[in-house]
$ cat work_18.cif   # mmCIF, C-alpha atoms
data_entry
#
loop_
_atom_site.label_atom_id
_atom_site.label_comp_id
_atom_site.auth_asym_id
_atom_site.auth_seq_id
_atom_site.Cartn_x
_atom_site.Cartn_y
_atom_site.Cartn_z
CA MET A 2 25.93 0.14 5.58
CA TYR A 3 28.20 1.93 7.94
CA GLN A 4 30.78 3.82 5.98
CA PRO A 5 33.84 5.27 7.65
CA LYS A 6 33.78 9.03 7.56
CA LEU A 7 37.20 9.09 6.01
CA PHE A 8 35.92 7.53 2.84
CA THR A 9 32.87 9.71 2.70
CA GLN A 10 35.13 12.70 2.81
CA LEU A 11 37.36 11.11 0.26
CA GLU A 12 34.47 10.51 -2.09
CA HIS A 13 33.56 14.15 -1.92
CA LEU A 14 37.10 15.33 -2.49
CA THR A 15 37.90 12.86 -5.22
CA LEU A 16 34.81 13.64 -7.22
CA ASP A 17 35.62 17.31 -7.11
CA ARG A 18 39.10 16.57 -8.22
CA ARG A 19 37.97 14.47 -11.13
CA ARG A 20 35.75 17.22 -12.38
CA LEU A 21 38.70 19.45 -11.99
CA LEU A 22 40.96 17.14 -13.94
CA THR A 23 38.59 16.91 -16.86
CA GLY A 24 38.11 20.64 -16.78
CA THR A 25 34.31 20.36 -16.81
CA GLY A 26 33.81 21.18 -13.18
CA LYS A 27 31.99 24.21 -11.99
CA VAL A 28 33.75 23.91 -8.66
CA THR A 29 37.08 25.57 -8.50
CA LEU A 30 39.48 24.56 -5.81
CA SER A 31 42.48 26.59 -4.91
CA ALA A 32 45.88 25.14 -5.75
CA GLY A 33 46.39 24.58 -2.04
CA ALA A 34 43.24 22.53 -1.76
CA ILE A 35 44.22 20.34 -4.69
CA ALA A 36 47.64 19.79 -3.19
CA LEU A 37 45.93 18.59 -0.04
CA LEU A 38 44.17 15.89 -2.01
CA THR A 39 47.34 14.37 -3.39
CA GLY A 40 49.45 15.10 -0.35
CA CYS A 41 52.11 16.30 -2.79
CA SER A 42 52.13 20.04 -2.99
CA GLY A 43 54.55 20.15 -5.92
CA LEU A 44 52.17 18.33 -8.19
CA ALA A 45 49.18 20.58 -8.01
CA GLY A 46 49.69 22.09 -11.44
CA ASP A 47 50.09 18.90 -13.44
CA ALA A 48 46.86 17.09 -14.25
CA GLU A 49 48.64 14.21 -15.95
CA ALA A 50 50.89 13.55 -12.96
CA LYS A 51 47.82 13.65 -10.71
CA SER A 52 45.92 11.12 -12.74
CA ASP A 53 49.04 8.91 -12.72
CA ILE A 54 49.08 9.13 -8.94
CA MET A 55 45.40 8.23 -8.81
CA ALA A 56 46.00 5.25 -11.11
CA ASP A 57 48.91 4.08 -8.96
CA ASP A 58 46.82 4.43 -5.82
CA ALA A 59 44.02 2.45 -7.45
CA ASN A 60 46.55 -0.28 -8.31
CA ILE A 61 47.68 -0.54 -4.72
CA LEU A 62 44.08 -0.72 -3.55
CA ASN A 63 43.37 -3.41 -6.13
CA SER A 64 45.99 -5.74 -4.70
CA ALA A 65 44.58 -5.11 -1.22
CA LEU A 66 41.11 -5.84 -2.62
CA GLY A 67 42.31 -9.20 -3.94
CA ALA A 68 43.65 -10.18 -0.54
CA GLU A 69 40.48 -9.02 1.24
CA ARG A 70 38.22 -11.01 -1.07
CA GLU A 71 40.31 -14.07 -0.44
CA ALA A 72 40.00 -13.53 3.32
CA VAL A 73 36.20 -13.37 3.00
CA ALA A 74 36.25 -16.66 1.09
CA ALA A 75 38.65 -18.24 3.59
CA TYR A 76 36.42 -17.40 6.56
CA GLN A 77 33.52 -18.91 4.64
CA VAL A 78 35.46 -22.14 4.33
CA GLY A 79 36.27 -21.99 8.05
CA ALA A 80 32.69 -21.23 9.04
CA GLU A 81 31.32 -24.07 6.90
CA SER A 82 33.94 -26.58 7.97
CA GLY A 83 31.91 -27.86 10.89
CA LEU A 84 35.12 -27.79 12.92
CA LEU A 85 34.44 -24.61 14.88
CA SER A 86 32.92 -24.42 18.34
CA PRO A 87 30.10 -21.84 18.74
CA GLY A 88 32.34 -19.14 20.24
CA VAL A 89 34.98 -19.43 17.55
CA LEU A 90 32.34 -19.61 14.84
CA GLN A 91 30.96 -16.32 16.08
CA LEU A 92 34.41 -14.78 15.81
CA ALA A 93 34.87 -16.13 12.30
CA VAL A 94 31.57 -14.66 11.15
CA LYS A 95 32.36 -11.30 12.72
CA PHE A 96 35.85 -11.13 11.22
CA GLN A 97 34.50 -12.15 7.86
CA ASP A 98 32.05 -9.29 8.07
CA HIS A 99 34.91 -6.87 8.72
CA HIS A 100 36.70 -8.15 5.63
CA LYS A 101 33.49 -7.72 3.62
CA GLN A 102 33.31 -4.12 4.77
CA HIS A 103 36.94 -3.59 3.76
CA THR A 104 36.17 -5.13 0.37
CA ASP A 105 33.23 -2.79 -0.22
CA VAL A 106 35.11 0.31 0.76
CA LEU A 107 38.17 -0.63 -1.34
CA ALA A 108 36.11 -1.34 -4.46
CA LYS A 109 34.22 1.91 -4.04
CA THR A 110 37.40 3.91 -3.58
CA ILE A 111 39.07 2.33 -6.62
CA LYS A 112 36.11 3.51 -8.70
CA GLN A 113 36.31 6.96 -7.19
CA LEU A 114 39.92 7.11 -8.26
CA GLY A 115 38.85 6.40 -11.83
CA GLY A 116 40.04 2.78 -11.69
CA THR A 117 38.23 -0.52 -12.13
CA PRO A 118 38.10 -3.09 -9.35
CA ASP A 119 39.76 -6.30 -10.58
CA THR A 120 37.34 -9.10 -11.37
CA PRO A 121 37.11 -11.45 -8.39
CA MET A 122 38.79 -14.83 -8.73
CA THR A 123 36.32 -17.51 -9.67
CA LYS A 124 37.81 -20.04 -7.28
CA TYR A 125 40.31 -20.13 -4.47
CA ASP A 126 41.99 -23.36 -3.87
CA PHE A 127 42.53 -23.37 -0.13
CA PRO A 128 44.51 -26.10 1.59
CA THR A 129 41.28 -27.61 2.92
CA ASP A 130 42.83 -31.08 3.19
CA GLN A 131 45.08 -29.65 5.89
CA LEU A 132 42.19 -28.35 8.01
CA LYS A 133 41.36 -31.21 10.35
CA ASN A 134 40.36 -29.48 13.57
CA GLU A 135 39.56 -26.09 15.06
CA ALA A 136 43.21 -25.26 15.75
CA ASP A 137 44.09 -25.86 12.08
CA VAL A 138 41.37 -23.44 11.00
CA LEU A 139 42.45 -20.84 13.57
CA ARG A 140 46.08 -21.16 12.48
CA PHE A 141 45.12 -20.82 8.82
CA ALA A 142 43.08 -17.69 9.56
CA ALA A 143 45.80 -16.24 11.78
CA GLY A 144 48.35 -16.69 8.97
CA LEU A 145 46.11 -14.83 6.52
CA GLU A 146 45.50 -12.00 8.98
CA LYS A 147 49.20 -11.66 9.70
CA GLY A 148 49.91 -11.60 5.98
CA ALA A 149 47.23 -8.96 5.52
CA VAL A 150 48.80 -6.78 8.20
CA SER A 151 52.15 -7.05 6.38
CA ALA A 152 50.50 -6.26 3.05
CA TYR A 153 48.90 -3.06 4.38
CA LEU A 154 52.13 -2.11 6.08
CA GLY A 155 53.81 -2.42 2.69
CA ALA A 156 51.09 -0.34 1.08
CA VAL A 157 50.90 2.56 3.54
CA PRO A 158 54.11 4.32 2.43
CA LEU A 159 53.23 4.03 -1.27
CA PHE A 160 50.03 6.04 -1.51
CA GLY A 161 50.20 9.38 -3.27
CA ASN A 162 47.08 10.40 -1.36
CA ARG A 163 47.68 10.48 2.36
CA ASP A 164 44.02 10.02 3.15
CA LEU A 165 44.37 6.60 1.56
CA ALA A 166 47.45 5.84 3.66
CA LYS A 167 45.41 6.67 6.73
CA ALA A 168 42.53 4.51 5.56
CA ALA A 169 44.91 1.59 4.90
CA ALA A 170 46.40 2.02 8.37
CA SER A 171 42.90 1.92 9.82
CA ILE A 172 42.26 -1.43 8.14
CA LEU A 173 45.70 -2.64 9.23
CA GLY A 174 44.77 -1.97 12.85
CA ASP A 175 41.58 -4.00 12.54
CA GLU A 176 43.38 -6.96 10.99
CA ALA A 177 46.12 -6.84 13.62
CA MET A 178 43.37 -7.17 16.23
CA HIS A 179 41.99 -10.21 14.40
CA TRP A 180 45.46 -11.74 14.36
CA ALA A 181 45.89 -11.20 18.11
CA VAL A 182 42.47 -12.63 18.98
CA LEU A 183 43.06 -15.69 16.79
CA ARG A 184 46.44 -16.28 18.43
CA GLY A 185 44.77 -15.93 21.81
CA ALA A 186 42.16 -18.49 20.81
CA LEU A 187 45.01 -20.83 19.89
CA GLY A 188 46.49 -20.41 23.35
CA GLU A 189 49.46 -18.53 21.90
CA ASP A 190 50.82 -15.19 23.06
CA PRO A 191 48.35 -12.83 21.39
CA VAL A 192 50.86 -10.02 21.01
CA PRO A 193 54.28 -11.62 20.50
CA VAL A 194 56.11 -8.55 19.19
CA ALA A 195 56.27 -4.80 19.71
CA PHE A 196 56.43 -4.12 15.97
CA VAL A 197 54.69 -5.79 13.07
CA SER A 198 56.64 -6.30 9.85
CA MET B 18 95.05 11.76 -1.26
CA THR B 19 97.64 9.97 -3.41
CA PRO B 20 96.29 7.57 -5.98
CA PRO B 21 97.60 4.41 -4.22
CA LEU B 22 96.12 5.52 -0.93
CA LEU B 23 92.87 6.36 -2.65
CA ALA B 24 92.90 2.92 -4.22
CA LEU B 25 93.53 1.37 -0.81
CA VAL B 26 90.69 3.31 0.80
CA LEU B 27 88.35 2.45 -2.03
CA GLY B 28 89.52 -1.14 -1.85
CA LEU B 29 88.78 -1.30 1.87
CA LEU B 30 85.41 0.32 1.35
CA GLY B 31 84.70 -2.17 -1.39
CA ALA B 32 85.78 -5.02 0.85
CA ALA B 33 83.53 -3.74 3.61
CA VAL B 34 80.61 -3.54 1.22
CA LEU B 35 81.41 -6.96 -0.16
CA SER B 36 81.80 -8.59 3.22
CA ASP B 37 78.56 -7.00 4.29
CA ARG B 38 76.94 -8.37 1.16
CA GLY B 39 78.87 -11.59 1.58
CA ALA B 40 77.39 -12.08 5.00
CA HIS B 41 73.92 -11.76 3.53
CA ALA B 42 74.37 -12.59 -0.14
CA SER B 43 71.68 -14.85 -1.48
CA ALA B 44 74.12 -17.74 -1.92
CA VAL B 45 74.58 -17.85 1.85
CA GLY B 46 71.24 -16.37 2.90
CA ASP B 47 69.45 -18.39 5.55
CA ALA B 48 66.45 -20.06 3.95
CA ASP B 49 64.83 -20.91 7.29
CA ARG B 50 64.87 -17.28 8.27
CA GLY B 51 63.68 -16.47 4.78
CA ALA B 52 60.59 -18.60 5.39
CA LYS B 53 59.63 -16.19 8.18
CA ILE B 54 60.12 -13.20 5.88
CA TYR B 55 57.96 -14.91 3.26
CA GLU B 56 55.05 -14.71 5.72
CA ARG B 57 54.87 -11.04 4.69
CA CYS B 58 54.02 -12.07 1.17
CA ILE B 59 51.29 -14.61 1.87
CA ALA B 60 48.35 -12.23 1.77
CA CYS B 61 48.92 -12.21 -1.98
CA HIS B 62 51.29 -15.02 -2.93
CA SER B 63 51.88 -18.68 -2.37
CA LEU B 64 54.48 -20.98 -3.80
CA ALA B 65 52.03 -23.36 -5.42
CA ARG B 66 49.12 -21.31 -6.72
CA ASN B 67 48.27 -18.06 -8.43
CA ARG B 68 46.38 -15.77 -6.09
CA THR B 69 46.26 -11.97 -6.01
CA GLY B 70 49.89 -12.29 -7.06
CA PRO B 71 51.45 -15.02 -9.23
CA LYS B 72 52.74 -18.25 -7.72
CA HIS B 73 56.42 -18.47 -6.94
CA CYS B 74 57.13 -22.07 -7.92
CA GLY B 75 58.94 -22.22 -11.25
CA MET B 76 59.90 -18.58 -11.08
CA ILE B 77 63.69 -18.83 -10.82
CA GLY B 78 65.26 -18.70 -14.28
CA ARG B 79 61.98 -17.73 -15.95
CA VAL B 80 61.32 -14.35 -17.55
CA ALA B 81 59.39 -11.98 -15.27
CA GLY B 82 55.69 -11.70 -15.98
CA THR B 83 55.30 -15.03 -17.77
CA GLN B 84 53.66 -17.37 -15.25
CA LYS B 85 50.87 -19.18 -17.13
CA GLY B 86 47.34 -18.47 -16.04
CA TYR B 87 48.19 -15.21 -14.31
CA ARG B 88 47.29 -11.77 -15.66
CA TYR B 89 50.20 -9.42 -15.13
CA SER B 90 50.35 -5.68 -15.54
CA LYS B 91 51.71 -4.34 -18.80
CA ALA B 92 54.65 -3.02 -16.86
CA MET B 93 55.67 -6.43 -15.56
CA ARG B 94 55.24 -8.07 -18.95
CA ALA B 95 57.37 -5.40 -20.56
CA TRP B 96 60.17 -5.54 -18.00
CA GLY B 97 61.68 -8.61 -19.60
CA LYS B 98 64.29 -9.62 -17.03
CA VAL B 99 64.93 -13.20 -15.98
CA TRP B 100 64.40 -13.96 -12.27
CA THR B 101 67.81 -14.56 -10.75
CA PRO B 102 69.04 -13.83 -7.22
CA GLU B 103 70.27 -10.48 -8.53
CA SER B 104 67.09 -9.40 -10.29
CA LEU B 105 64.99 -10.58 -7.33
CA ASP B 106 67.19 -8.55 -5.02
CA GLU B 107 66.71 -5.49 -7.19
CA PHE B 108 62.95 -5.95 -7.49
CA LEU B 109 62.26 -6.81 -3.87
CA GLU B 110 64.23 -3.86 -2.54
CA ASN B 111 61.84 -1.47 -4.23
CA PRO B 112 59.30 -3.09 -6.56
CA ARG B 113 57.79 0.11 -7.85
CA ARG B 114 61.06 1.80 -8.56
CA THR B 115 62.38 -1.28 -10.35
CA VAL B 116 59.20 -1.93 -12.34
CA PRO B 117 57.30 1.36 -12.43
CA ARG B 118 53.51 0.82 -12.53
CA THR B 119 53.72 -2.76 -11.38
CA ARG B 120 50.48 -3.90 -9.78
CA MET B 121 52.34 -5.26 -6.78
CA GLY B 122 51.23 -2.68 -4.20
CA TYR B 123 53.97 -3.41 -1.72
CA ALA B 124 56.89 -1.23 -0.64
CA GLY B 125 59.43 -4.06 -0.63
CA VAL B 126 61.94 -5.52 1.79
CA LYS B 127 64.43 -2.78 2.58
CA ASP B 128 66.87 -4.77 4.70
CA ALA B 129 69.52 -6.45 2.51
CA GLY B 130 69.98 -9.31 4.97
CA GLU B 131 66.25 -10.04 5.12
CA ARG B 132 66.14 -9.92 1.35
CA ALA B 133 69.03 -12.38 1.04
CA ASN B 134 67.28 -14.79 3.41
CA LEU B 135 64.02 -14.42 1.52
CA ILE B 136 65.73 -15.11 -1.81
CA ALA B 137 67.56 -18.10 -0.31
CA TYR B 138 64.15 -19.44 0.74
CA LEU B 139 62.64 -18.94 -2.73
CA ILE B 140 65.63 -20.66 -4.32
CA ARG B 141 65.54 -23.57 -1.87
CA GLU B 142 61.82 -24.18 -2.40
CA ASN B 143 62.33 -24.07 -6.17
CA GLY B 144 65.31 -26.43 -6.05
CA PRO B 145 65.74 -30.16 -5.51
CA GLY B 146 64.15 -31.18 -2.22
CA GLY B 147 62.14 -27.94 -2.10
CA SER B 148 58.36 -27.97 -1.85
CA CYS B 149 57.85 -26.96 -5.52
CA PRO B 150 57.13 -29.78 -7.96
#
$ encode --input "work_18.cif" --output "structure tokens"
Amino acid sequence: MYQPKLFTQLEHLTLDRRRLLTGTGKVTLSAGAIALLTGCSGLAGDAEAKSDIMADDANILNSALGAEREAVAAYQVGAESGLLSPGVLQLAVKFQDHHKQHTDVLAKTIKQLGGTPDTPMTKYDFPTDQLKNEADVLRFAAGLEKGAVSAYLGAVPLFGNRDLAKAAASILGDEAMHWAVLRGALGEDPVPVAFVS
Amino acid sequence: MTPPLLALVLGLLGAAVLSDRGAHASAVGDADRGAKIYERCIACHSLARNRTGPKHCGMIGRVAGTQKGYRYSKAMRAWGKVWTPESLDEFLENPRRTVPRTRMGYAGVKDAGERANLIAYLIRENGPGGSCP
């Protein structure tokens, strides 16, 4: 699977740091290099503070993971609804695939941070009774994408590790594009505002 | 500054703060506008069902971290406050400062007016005629 370079780099860095934290590593990074990993230069000396930051970052990623998994499930419902025309169905499948990729990368990164990805929900109870035509499905998906953009926007400033903030922003951009395309498909102004919130 | 003058200045400052709050306070927050703010929460929450975050129906007046069928962080369970307009305002301004180590990975709603509208919406939906059962 295609893996964004950012995360590949992150994997490398994080693994080094974990070895460093447990003191078993043969690799020694300079204090400056460690500081780069957390994005907080003042914390380089304090292993406990660093593992707290990693745990907090993993928490943030876990709530994003929950939302991404739900998006994958929601697109499945949309795709199987029989309400979508071929063009829209193609979009739904493609966007679902993006969310799957986000899910994979988030779960992997949570593990790299020493965390455990939350167990997926066994069932989502979507408002399927309210999905009666293609526009309903598009509107439902657009609402989820918009919510996802807001969620990432609310996550970006929280990360202790700036590489993760960048990665979250990269996902945010993708989901904002989904939102715009879905609005366009609904015949609405695809880009109604200059700022997302 | 003489004490009476100081008192006056402080009084005026207080009044300014209060009227600013008054304009936005949850009691007079605009629930319709709050519904738009709530769209920021719907990647994780809904009123009626537990999702990545707990459902928001039945929340007002209940102790934080006690929604049945939802697994909260230790931090949220230990916080122990009752959800009122005031505690919601405090939490939503900066969730992770208010409840350190909460699993809600969201920076919060920094604008006091937006927060007041959001809280007015949550209260309306939880009240008589709202969409909560």
$ interface_residues --input "work_18.cif" --of "chain A" --to "chain B" --cutoff "12 Å" --atoms "only C-alpha atoms" --output "count of residues only"
55
$ residues_around --input "work_18.cif" --residues "Asn134 in chain B" --least-positions-apart "4" --cutoff "10 Å" --atoms "only C-alpha atoms" --output "ChimeraX atom specification"
/B:41-55,129-130,138-140
$ atom_distance --input "work_18.cif" --atom1 "CA of Arg79 in chain B" --atom2 "CA of Glu131 in chain B"
22.8 Å
$ closest_residue --input "work_18.cif" --among "A:Gly185, A:Glu135, A:Ile111, A:Asp130" --to "Pro87 in chain A" --atoms "only C-alpha atoms"
A:Glu135
$ atom_distance --input "work_18.cif" --atom1 "CA of Ala48 in chain A" --atom2 "CA of Lys91 in chain B"
22.4 Å
$ atom_distance --input "work_18.cif" --atom1 "CA of Phe96 in chain A" --atom2 "CA of Tyr76 in chain A"
7.8 Å
$ resolve_selection --input "work_18.cif" --expression "the PyMOL selection byres ((chain A and resi 85) around 12)" --output "VMD selection string"
chain A and resid 76 to 84 86 to 94 132 to 139 186
$ resolve_selection --input "work_18.cif" --expression "the PyMOL selection byres ((chain B and resi 95) around 12)" --output "list in words"
Val80, Ala81, Gly82, Thr83, Tyr89, Ser90, Lys91, Ala92, Met93, Arg94, Trp96, Gly97, Lys98, Val99, Val116, Pro117, Arg118 and Thr119 of chain B
$ write_last_selection --input "work_18.cif" --atoms "C-alpha atoms" --output "PDB file, keeping the file's coordinate frame"
ATOM      1  CA  VAL B  80      61.320 -14.350 -17.550  1.00  0.00           C
ATOM      2  CA  ALA B  81      59.390 -11.980 -15.270  1.00  0.00           C
ATOM      3  CA  GLY B  82      55.690 -11.700 -15.980  1.00  0.00           C
ATOM      4  CA  THR B  83      55.300 -15.030 -17.770  1.00  0.00           C
ATOM      5  CA  TYR B  89      50.200  -9.420 -15.130  1.00  0.00           C
ATOM      6  CA  SER B  90      50.350  -5.680 -15.540  1.00  0.00           C
ATOM      7  CA  LYS B  91      51.710  -4.340 -18.800  1.00  0.00           C
ATOM      8  CA  ALA B  92      54.650  -3.020 -16.860  1.00  0.00           C
ATOM      9  CA  MET B  93      55.670  -6.430 -15.560  1.00  0.00           C
ATOM     10  CA  ARG B  94      55.240  -8.070 -18.950  1.00  0.00           C
ATOM     11  CA  TRP B  96      60.170  -5.540 -18.000  1.00  0.00           C
ATOM     12  CA  GLY B  97      61.680  -8.610 -19.600  1.00  0.00           C
ATOM     13  CA  LYS B  98      64.290  -9.620 -17.030  1.00  0.00           C
ATOM     14  CA  VAL B  99      64.930 -13.200 -15.980  1.00  0.00           C
ATOM     15  CA  VAL B 116      59.200  -1.930 -12.340  1.00  0.00           C
ATOM     16  CA  PRO B 117      57.300   1.360 -12.430  1.00  0.00           C
ATOM     17  CA  ARG B 118      53.510   0.820 -12.530  1.00  0.00           C
ATOM     18  CA  THR B 119      53.720  -2.760 -11.380  1.00  0.00           C
TER      19      THR B 119
END
$ closest_residue --input "work_18.cif" --among "B:Lys85, B:Lys127, B:Arg114, B:His73" --to "Asn143 in chain B" --atoms "only C-alpha atoms"
B:His73
$ axis_aligned_box --input "work_18.cif" --around "range 92-106 of chain B" --padding-each-side "5 Å" --output "JSON"
{"center_x": 62.5, "center_y": -8.8, "center_z": -12.8, "size_x": 25.6, "size_y": 21.5, "size_z": 25.5}
$ closest_residue --input "work_18.cif" --among "B:Glu103, B:Ser148, B:Leu135, B:Gly86" --to "Cys74 in chain B" --atoms "all atoms listed in the file"
B:Ser148
$ closest_residue --input "work_18.cif" --among "A:Arg163, A:Val194, A:Glu189, A:Asp105" --to "Ala177 in chain A" --atoms "only C-alpha atoms"
A:Val194
